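K.L.:
Next up is a structure, given as structure tokens.
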Amino acid sequence: MQFSRRRKNHVANPQMELYGHALQFYGKPPLENISLTEFETFAVDRLKLLKIVESLGVSHVKLSEPYKHKLEYESKVLNLSHRLSTVRADEYEKRRKDHISHFILRLAYCQTEDLRRWFIQQEVDLFRYRFNDLYPEEKLEFLHINNLQYDRISAEEKENLKSELVNSSAVISGVVVEDQDFYKVPFQDALDLVRTRKVYLKAGYVYIPHQDIVAIVLNDFRTRLSKALALTARSLPAVHSDERLQPLLNHLSHAYVGQDYSNQKNVGKISLEHIDSLSGKSFPLCMRQLHQALRENHHLRHGGRMQYGLFLKGIGLSLEQALQFWRSEFIRGKVDADKFDKAYAYGIRHMFGKEGKRADYTPYSCMKVILSNPPSQGDHHGCPFRHSDPELLKQKLQFYKVSPSGVSQIMELVKGMHYQLACQKYFELTHNIDDTSFSLNHPNQYFVESQKVLSGGKDIKREKDPQSSQETAAARRSTPAQTTEPGTSQELTETTADLTPFFNDA
Amino acid sequence: MSSSDYDPACLPDLLPLYYRRLFPFFQYYRWLNYGGVQKNYFQNREFSFTLKDDIYVRYQSFSTQNELEKEMQKMNPYKIDIGAIYSHRPNQHNTVKSGTFQALEKELVFDIDMTDYDDVRSCCSAADICSKCWTLMTIAIRVLDRALRDDFGFQHLLWVYSGRRGVHCWVCDEAARKLSVAARSAVAEYLSLVKGGEETVKKVVLTEPIHPFISASLSEVERYFKQYALKGQDILGRKESVNKVLALVPEDVRNELQIDFKNEKNPEKRWDLISGYAETKQHTAKKNQHFEKEIMLQYCYPRLDINVSKGVNHLLKSPFSVHPKTGRISVPMDVKELDTFDPFAVPTISLICEELDQPRTGEVGEKSEDIKENEKDAAEKRRMRDYKRTSLAKYVKYFDQFLDQMASSWKGELLRKSGML
Ligand code: SF4
Ligand SMILES: [Zn+2]
């Protein structure tokens with residue numbers, strides 16, 4: 001704890017050094033003590049912003065006008081905008097908040113691989129948006145301040161590669177090639193451009209036009225952040241032993257998925273014979289599709305087993321039921337009981353946390369289904385609204401007796417990439433209600449809501465219903481702002497936290 | 001010579017012989033030791049064995065070639081998988097603090113499996129292959145080999161026949177071994193063109209401009225397309241398969257083609273019609289103009305299992321492992337002779353064990369050794385001579401060449417380390 005104070009004396013004006021630019025690489029941890037109240041509000045606000053970044057990324061094309069517009073608006077509301085404030089002092093406060101809040105979330109999100117991935121993804125998207133929004137001279141200034149220099153190719157080399165360069169990008173014409181500088185960097189430094197084939201790649205080097213330089217900067221940002229998180233994770237024992245911070249950080253890190261549906265409240269309430277009929281009535285399309293594929297092929301590949309298996313666990317199948325369910329289906333196909341026990345039973349016990357790391361696997365949220373591990377040949381998992389050909393999806397909806405106007409409404413939403421809204425529309429149409437009172441973000445939520453409607457529509461919107469009050473309790477839990485009871489926050493104002501020790505080796 | 005000679009029931013009898021007298025331990029160790037450039041590189045490598053009755057043991061590791069030999073000869077694995085190089089010895093992974101045992105490096109690997117092509121081949125399905133659909137593997141190797149070399153700049157690519165229905169690629173360059181998970185997945189995605197699962201009809205969608213990588217891949221595919229798809233698979237012959245192709249063209253073109261096809265039954269002429277429409281479209285429409293290219297790619301472009309390539313800790317079947325079902329040895333493939341590679345001519349374990357029993361026919365090429373050799377060297381030499389008498393010889397020889405090339409790359413590295421450069 002002394003560490004920070006010592007450092008502070010050496011820096012003449014830490015404010016200037018830390019916050020010289022509206023954008024940061026977050027290279028240095030905060031050097032000051034902050035009150036726990038501030039600690040909490042900062043963290044919660046940034047978390048809100050990151051969750052907005054996430055959901056905008058799903059519902060909009062990243063960096064499209066509406067995306068930028070909404071993100072700017074929300075950033076302003078949370079006082080985390082990178083755009084210059086009119087008042088100089090406010091600007092400092094804002095940059096400080098941006099800085100400190102980022103570091104607090106690092107603490108909360110360094111704990112597991114999943115959390116790290118989520119955090120990095122949102123931070124990178126936020127950074128991308130902000131960097132793109134800068135004026136050209138601000139961009140250069142940022143590169144300069146952070147010492148980012150890249151190799152430029154000669155005019156001659158550029159001329160030789162002209163047609164390749166033009167064909168490698170949708171936005172580069174022959175004229176642009178002549179006008180712009182191109183940088184040659186190892187492909188490892190521009191993975192996003194490589195992945196999407198937006199750049200010319202030769203002998204291990206990518207050729208990046210100046211206008212795409214953000215890609216390298218982003219990659220740099222991502223690499224640094226992921227290294228830093230790994231380092232922070234090592235200092236976790238210190239965080240864990242801090243009994244003021246620990247519960248707070250845990251709340252923060254649990255907040256990112258909303259309710260996780262992993263705790264098994266309803267174990268044993270479902271009997272295996274009912275699954276077929278439930279799949280038609282109360283399963284979202286993604287699960288219905290998996291169920292059908294399983295019944296037809298007596299097999300599902302890994303991605304499908306995970307997505308469907310965890311969903312079934314979430315709706316209340318016990319481990320024994322799950323084993324019986326999968327075994328009875330698989331042995332009707334090419335797998336005999338012996339092989340099943342050897343090759344597949346482990347995986348199912350694993351899902352229930354009975355094998356391996358004994359981690360309790362959480363059912364996948366829509367976000368996870370939609371964004372990660374897209375289906376490939378032989379797979380049936382994924383989200384039909386996202387991963388099916390529109391033509392097939394349409395046929396399927398018609399087959400499931402969705403009215404023509406309903407089908408076209410759903411297809412409109414799909415076209416706009418609003419997959420979850422499309423799914424919700426499907427819910428409304430198939431449950432005969434006009435307006436759902438929830439916003440869909442989890443296949444298990446779909447199931448719960450459907451059961452609610454089907455078991456007596458009268459209770460749908462009422463808080464009194466035990467199930468929906470459970471829901472709201474969960475929702476409350478997922479909003480970290482409301483997690484700490486009033487009494488504790490009072491106390492919190494008295495104490496302060498010094499973050500520096502946790503980042504010493506960063 | 002045929003694999004029908006192989007009977008899986010004999011495997012327990014053959015494996016001991018194979019590991020004792022034929023398995024090329026010397027080359028194998030030379031490969032995975034990578035010249036000893038990095039400390040503990042071999043020692044921290046994970047191996048996993050599948051033993052009799054599907055017993056699967058992970059996290060095996062060995063400190064020397066000798067220990068590896070001894071253990072393999074003792075356990076006689078039905079299948080050998082190679083995993084990552086870890087931060088600690090894998091066989092001690094339980095003794096290190098959890099979280100610190102981490103996979104650090106591994107070759108960049110690719111796994112191409114014929115079962116992933118079931119929607120575009122009519123000759124066989126699932127685990128079966130024939131010489132017709134094997135062309136798909138040839139195309140896959142051509143396309144990926146070119147891209148990995150020209151685009152990514154890798155040089156040391158080891159292609160291996162899996163022993164049954166697919167091929168693996170081990171990219172052994174130092175830079176490749178050090179790639180992060182994110183980089184591996186970016187490479188794999190760059191190389192993936194066929195996307196979507198059972199619910200997707202059109203799996204390849206091209207947009208303007210056509211990236212140089214796609215153009216280059218297309219020219220590889222074009223070399224085989226007519227022979228393979230039009231003649232071999234007859235995709236424009238039977239009504240059912242014609243409809244599958246037509247589902248991939250824009251609706252207006254589809255309607256016209258349906259009329260044209262009534263009078264034109266010859267598959268190659270039919271293809272010319274498709275290309276013709278694509279040609280005209282190219283000058284008019286903005287969208288969907290590359291459908292003939294998309295068809296070629298959907299039918300022939302390599303289908304990668306991205307998850308295998310992504311993970312650093314993912315295990316992949318080892319070269320020179322035996323395929324328990326077919327008995328064939330997982331042999332390295334010489335890309336220079338790719339077009340004549342015949343999976344059915346790859347020796348089975350029964351064949352090479354049999355060849356070992358045949359009387360020696362005037363062994364040549366072995367100079368008498370006048371240097372004193374210790375016992376281990378003697379055993380080594382004996383095994384060298386042994387495999388040379390079998391059909392395995394040419395594959396080991398190719399493996400040697402591959403290793404020689406690699407060795408030249410780490411010689412410089414070793415000199416630099418020793419301060420001599
Ligand atoms: S939106 Fe969510 S619940 Fe609906 S189908 Fe997609 S993944 Fe499933
Ligand atoms: Zn075939």
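Following the order of the structure tokens, first chain is A, next is B, and so on, with residues numbered from 1 inside each chain and ligands from 1 in the order they appear.
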Using only C-alpha atoms and all ligand atoms, find each residue in chain B having at least one atom no more than 7 Å away from ligand 2; report its shortest atom-to-atom pair and that distance in Å (one decimal), rows by chain then rising number, as JSON lines.

P.N.:
{"residue": "B:Arg121", "atom": "CA", "partner": "ligand 2", "partner_atom_place_in_ligand_line": "1 (Zn)", "distance": 6.8}
{"residue": "B:Cys123", "atom": "CA", "partner": "ligand 2", "partner_atom_place_in_ligand_line": "1 (Zn)", "distance": 4.2}
{"residue": "B:Cys124", "atom": "CA", "partner": "ligand 2", "partner_atom_place_in_ligand_line": "1 (Zn)", "distance": 4.2}
{"residue": "B:Asp128", "atom": "CA", "partner": "ligand 2", "partner_atom_place_in_ligand_line": "1 (Zn)", "distance": 6.7}
{"residue": "B:Ile129", "atom": "CA", "partner": "ligand 2", "partner_atom_place_in_ligand_line": "1 (Zn)", "distance": 4.4}
{"residue": "B:Cys130", "atom": "CA", "partner": "ligand 2", "partner_atom_place_in_ligand_line": "1 (Zn)", "distance": 3.9}
{"residue": "B:Ser131", "atom": "CA", "partner": "ligand 2", "partner_atom_place_in_ligand_line": "1 (Zn)", "distance": 6.2}
{"residue": "B:Lys132", "atom": "CA", "partner": "ligand 2", "partner_atom_place_in_ligand_line": "1 (Zn)", "distance": 5.1}
{"residue": "B:Cys133", "atom": "CA", "partner": "ligand 2", "partner_atom_place_in_ligand_line": "1 (Zn)", "distance": 4.1}
{"residue": "B:Trp134", "atom": "CA", "partner": "ligand 2", "partner_atom_place_in_ligand_line": "1 (Zn)", "distance": 6.7}

K.L.:
Write out the residues from the selection above, keeping C-alpha atoms, as a PDB file, in the first residue's frame.

P.N.:
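Heads up, here's the output in out.pdb:
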ATOM      1  CA  ARG B 121     -20.355 -36.789 -52.441  1.00  0.00           C
ATOM      2  CA  CYS B 123     -20.153 -42.357 -54.025  1.00  0.00           C
ATOM      3  CA  CYS B 124     -19.784 -43.092 -50.318  1.00  0.00           C
ATOM      4  CA  ASP B 128     -16.175 -44.905 -46.280  1.00  0.00           C
ATOM      5  CA  ILE B 129     -13.922 -43.555 -48.949  1.00  0.00           C
ATOM      6  CA  CYS B 130     -13.114 -44.549 -52.502  1.00  0.00           C
ATOM      7  CA  SER B 131     -10.676 -43.353 -55.085  1.00  0.00           C
ATOM      8  CA  LYS B 132     -13.344 -41.024 -56.476  1.00  0.00           C
ATOM      9  CA  CYS B 133     -13.926 -38.987 -53.372  1.00  0.00           C
ATOM     10  CA  TRP B 134     -10.284 -39.156 -52.344  1.00  0.00           C
TER      11      TRP B 134
END

K.L.:
Got a sec: who's within 10 Å of Leu191 in chain A, counting only C-alpha atoms, leaving out chain neighbours fewer than 4 positions off, as a PDB file with N, CA, C and O atoms, in the first residue's frame?

P.N.:
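So result-v4.pdb came out as:
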ATOM      1  N   PRO A 186       3.503  -8.171 -39.296  1.00  0.00           N
ATOM      2  CA  PRO A 186       3.287  -9.615 -39.193  1.00  0.00           C
ATOM      3  C   PRO A 186       1.798  -9.903 -39.027  1.00  0.00           C
ATOM      4  O   PRO A 186       1.099  -9.144 -38.358  1.00  0.00           O
ATOM      5  N   PHE A 187       1.319 -10.970 -39.635  1.00  0.00           N
ATOM      6  CA  PHE A 187      -0.120 -11.200 -39.618  1.00  0.00           C
ATOM      7  C   PHE A 187      -0.659 -11.361 -38.199  1.00  0.00           C
ATOM      8  O   PHE A 187      -1.817 -11.062 -37.925  1.00  0.00           O
ATOM      9  N   ARG A 195      -8.622 -12.717 -40.167  1.00  0.00           N
ATOM     10  CA  ARG A 195      -9.779 -13.581 -39.963  1.00  0.00           C
ATOM     11  C   ARG A 195     -10.879 -13.308 -40.998  1.00  0.00           C
ATOM     12  O   ARG A 195     -11.450 -14.217 -41.570  1.00  0.00           O
ATOM     13  N   THR A 196     -11.114 -12.023 -41.240  1.00  0.00           N
ATOM     14  CA  THR A 196     -12.202 -11.664 -42.141  1.00  0.00           C
ATOM     15  C   THR A 196     -11.725 -11.464 -43.574  1.00  0.00           C
ATOM     16  O   THR A 196     -12.492 -11.045 -44.427  1.00  0.00           O
ATOM     17  N   ARG A 197     -10.473 -11.762 -43.805  1.00  0.00           N
ATOM     18  CA  ARG A 197      -9.891 -11.633 -45.145  1.00  0.00           C
ATOM     19  C   ARG A 197     -10.088 -10.232 -45.705  1.00  0.00           C
ATOM     20  O   ARG A 197     -10.447 -10.073 -46.860  1.00  0.00           O
ATOM     21  N   VAL A 206       0.817  -8.864 -43.462  1.00  0.00           N
ATOM     22  CA  VAL A 206      -0.371  -8.224 -44.018  1.00  0.00           C
ATOM     23  C   VAL A 206      -0.014  -6.811 -44.438  1.00  0.00           C
ATOM     24  O   VAL A 206       0.869  -6.178 -43.860  1.00  0.00           O
ATOM     25  N   ALA A 215      -7.032  -1.414 -36.915  1.00  0.00           N
ATOM     26  CA  ALA A 215      -6.959  -2.855 -36.685  1.00  0.00           C
ATOM     27  C   ALA A 215      -5.715  -3.241 -35.896  1.00  0.00           C
ATOM     28  O   ALA A 215      -5.771  -4.073 -34.996  1.00  0.00           O
ATOM     29  N   ILE A 216      -4.592  -2.626 -36.255  1.00  0.00           N
ATOM     30  CA  ILE A 216      -3.357  -2.975 -35.546  1.00  0.00           C
ATOM     31  C   ILE A 216      -3.403  -2.425 -34.128  1.00  0.00           C
ATOM     32  O   ILE A 216      -2.974  -3.065 -33.186  1.00  0.00           O
ATOM     33  N   LEU A 218      -5.994  -1.890 -32.363  1.00  0.00           N
ATOM     34  CA  LEU A 218      -6.906  -2.722 -31.591  1.00  0.00           C
ATOM     35  C   LEU A 218      -6.261  -4.020 -31.159  1.00  0.00           C
ATOM     36  O   LEU A 218      -6.434  -4.494 -30.052  1.00  0.00           O
ATOM     37  N   ASN A 219      -5.513  -4.595 -32.080  1.00  0.00           N
ATOM     38  CA  ASN A 219      -4.869  -5.851 -31.768  1.00  0.00           C
ATOM     39  C   ASN A 219      -3.889  -5.662 -30.621  1.00  0.00           C
ATOM     40  O   ASN A 219      -3.806  -6.472 -29.704  1.00  0.00           O
TER      41      ASN A 219
ATOM     42  N   ALA B 182      -5.939 -17.213 -30.350  1.00  0.00           N
ATOM     43  CA  ALA B 182      -6.622 -16.245 -31.220  1.00  0.00           C
ATOM     44  C   ALA B 182      -6.024 -16.274 -32.626  1.00  0.00           C
ATOM     45  O   ALA B 182      -6.750 -16.236 -33.616  1.00  0.00           O
ATOM     46  N   ALA B 183      -4.705 -16.365 -32.708  1.00  0.00           N
ATOM     47  CA  ALA B 183      -4.065 -16.385 -34.011  1.00  0.00           C
ATOM     48  C   ALA B 183      -4.424 -17.663 -34.770  1.00  0.00           C
ATOM     49  O   ALA B 183      -4.691 -17.635 -35.965  1.00  0.00           O
ATOM     50  N   ARG B 184      -4.445 -18.780 -34.062  1.00  0.00           N
ATOM     51  CA  ARG B 184      -4.816 -20.038 -34.710  1.00  0.00           C
ATOM     52  C   ARG B 184      -6.220 -19.954 -35.273  1.00  0.00           C
ATOM     53  O   ARG B 184      -6.505 -20.401 -36.378  1.00  0.00           O
ATOM     54  N   SER B 185      -7.119 -19.387 -34.487  1.00  0.00           N
ATOM     55  CA  SER B 185      -8.473 -19.362 -35.002  1.00  0.00           C
ATOM     56  C   SER B 185      -8.590 -18.365 -36.153  1.00  0.00           C
ATOM     57  O   SER B 185      -9.348 -18.591 -37.088  1.00  0.00           O
ATOM     58  N   ALA B 186      -7.804 -17.303 -36.122  1.00  0.00           N
ATOM     59  CA  ALA B 186      -7.828 -16.369 -37.255  1.00  0.00           C
ATOM     60  C   ALA B 186      -7.309 -17.051 -38.522  1.00  0.00           C
ATOM     61  O   ALA B 186      -7.881 -16.897 -39.599  1.00  0.00           O
ATOM     62  N   VAL B 187      -6.244 -17.825 -38.395  1.00  0.00           N
ATOM     63  CA  VAL B 187      -5.720 -18.540 -39.555  1.00  0.00           C
ATOM     64  C   VAL B 187      -6.776 -19.510 -40.082  1.00  0.00           C
ATOM     65  O   VAL B 187      -7.077 -19.563 -41.276  1.00  0.00           O
ATOM     66  N   TYR B 190      -9.544 -17.634 -41.796  1.00  0.00           N
ATOM     67  CA  TYR B 190      -9.090 -17.126 -43.095  1.00  0.00           C
ATOM     68  C   TYR B 190      -9.191 -18.229 -44.139  1.00  0.00           C
ATOM     69  O   TYR B 190      -9.571 -18.013 -45.272  1.00  0.00           O
TER      70      TYR B 190
END

K.L.:
What gap, in Å, lies between CA of Asn40 in chain B and CA of Arg116 in chain A?

P.N.:
29.7 Å

K.L.:
Residues within 8 Å of ligand 1 (only C-alpha atoms and all ligand atoms), as number ranges by chain?

P.N.:
A: 284-287, 365-370, 382-386, 419-424, 440-446

K.L.:
Quick one: residues within 7 Å of range 288-297 of chain B, only C-alpha atoms, excluding same-chain residues fewer than 6 positions away - as a list in words?

P.N.:
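Counting only the stated atoms, we get Val204, Val205, Leu206, Phe225, Leu248, Val249, Pro250, Ile274, Ser275, Ala278, Lys281 and Gln282 of chain B.
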
K.L.:
Mind dumping the selected residues with N, CA, C and O atoms as an mmCIF file, in the first residue's frame?

P.N.:
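In the end it all went to again06.cif:
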data_model
loop_
_atom_site.group_PDB
_atom_site.id
_atom_site.type_symbol
_atom_site.label_atom_id
_atom_site.label_comp_id
_atom_site.auth_asym_id
_atom_site.auth_seq_id
_atom_site.Cartn_x
_atom_site.Cartn_y
_atom_site.Cartn_z
ATOM 1 N N VAL B 204 -21.410 -21.345 -49.421
ATOM 2 C CA VAL B 204 -20.334 -20.448 -49.833
ATOM 3 C C VAL B 204 -20.961 -19.202 -50.443
ATOM 4 O O VAL B 204 -21.777 -19.305 -51.355
ATOM 5 N N VAL B 205 -20.619 -18.057 -49.912
ATOM 6 C CA VAL B 205 -21.128 -16.813 -50.478
ATOM 7 C C VAL B 205 -19.949 -15.889 -50.733
ATOM 8 O O VAL B 205 -19.195 -15.564 -49.825
ATOM 9 N N LEU B 206 -19.776 -15.519 -51.978
ATOM 10 C CA LEU B 206 -18.650 -14.653 -52.320
ATOM 11 C C LEU B 206 -19.127 -13.221 -52.523
ATOM 12 O O LEU B 206 -20.224 -12.991 -52.999
ATOM 13 N N PHE B 225 -12.113 -29.838 -60.800
ATOM 14 C CA PHE B 225 -13.573 -29.792 -60.723
ATOM 15 C C PHE B 225 -14.284 -30.669 -61.759
ATOM 16 O O PHE B 225 -15.132 -31.485 -61.430
ATOM 17 N N LEU B 248 -28.435 -23.561 -55.620
ATOM 18 C CA LEU B 248 -27.377 -22.605 -55.286
ATOM 19 C C LEU B 248 -27.306 -21.423 -56.248
ATOM 20 O O LEU B 248 -26.495 -20.530 -56.071
ATOM 21 N N VAL B 249 -28.144 -21.432 -57.289
ATOM 22 C CA VAL B 249 -28.088 -20.304 -58.228
ATOM 23 C C VAL B 249 -29.286 -19.383 -57.983
ATOM 24 O O VAL B 249 -30.296 -19.811 -57.436
ATOM 25 N N PRO B 250 -29.165 -18.127 -58.382
ATOM 26 C CA PRO B 250 -30.286 -17.190 -58.187
ATOM 27 C C PRO B 250 -31.543 -17.682 -58.902
ATOM 28 O O PRO B 250 -31.450 -18.379 -59.918
ATOM 29 N N ILE B 274 -24.318 -23.177 -67.114
ATOM 30 C CA ILE B 274 -24.255 -22.459 -65.841
ATOM 31 C C ILE B 274 -23.196 -21.363 -65.898
ATOM 32 O O ILE B 274 -23.444 -20.211 -65.557
ATOM 33 N N SER B 275 -22.016 -21.747 -66.386
ATOM 34 C CA SER B 275 -20.941 -20.750 -66.474
ATOM 35 C C SER B 275 -21.343 -19.603 -67.378
ATOM 36 O O SER B 275 -21.013 -18.446 -67.115
ATOM 37 N N ALA B 278 -23.464 -17.235 -65.576
ATOM 38 C CA ALA B 278 -22.658 -16.505 -64.597
ATOM 39 C C ALA B 278 -21.885 -15.392 -65.281
ATOM 40 O O ALA B 278 -21.800 -14.267 -64.791
ATOM 41 N N LYS B 281 -24.240 -12.584 -66.143
ATOM 42 C CA LYS B 281 -24.652 -11.906 -64.904
ATOM 43 C C LYS B 281 -23.574 -10.969 -64.400
ATOM 44 O O LYS B 281 -23.852 -9.913 -63.848
ATOM 45 N N GLN B 282 -22.348 -11.417 -64.576
ATOM 46 C CA GLN B 282 -21.252 -10.655 -64.021
ATOM 47 C C GLN B 282 -21.221 -9.231 -64.530
ATOM 48 O O GLN B 282 -20.759 -8.331 -63.850
#

K.L.:
Could you tell me which residues of chain B sit within 8 Å of chain A when counting only C-alpha atoms, and give me the result as a ChimeraX atom specification?

P.N.:
/B:54,116-117,149-154,179,182-183,185-190,195-202,208-212
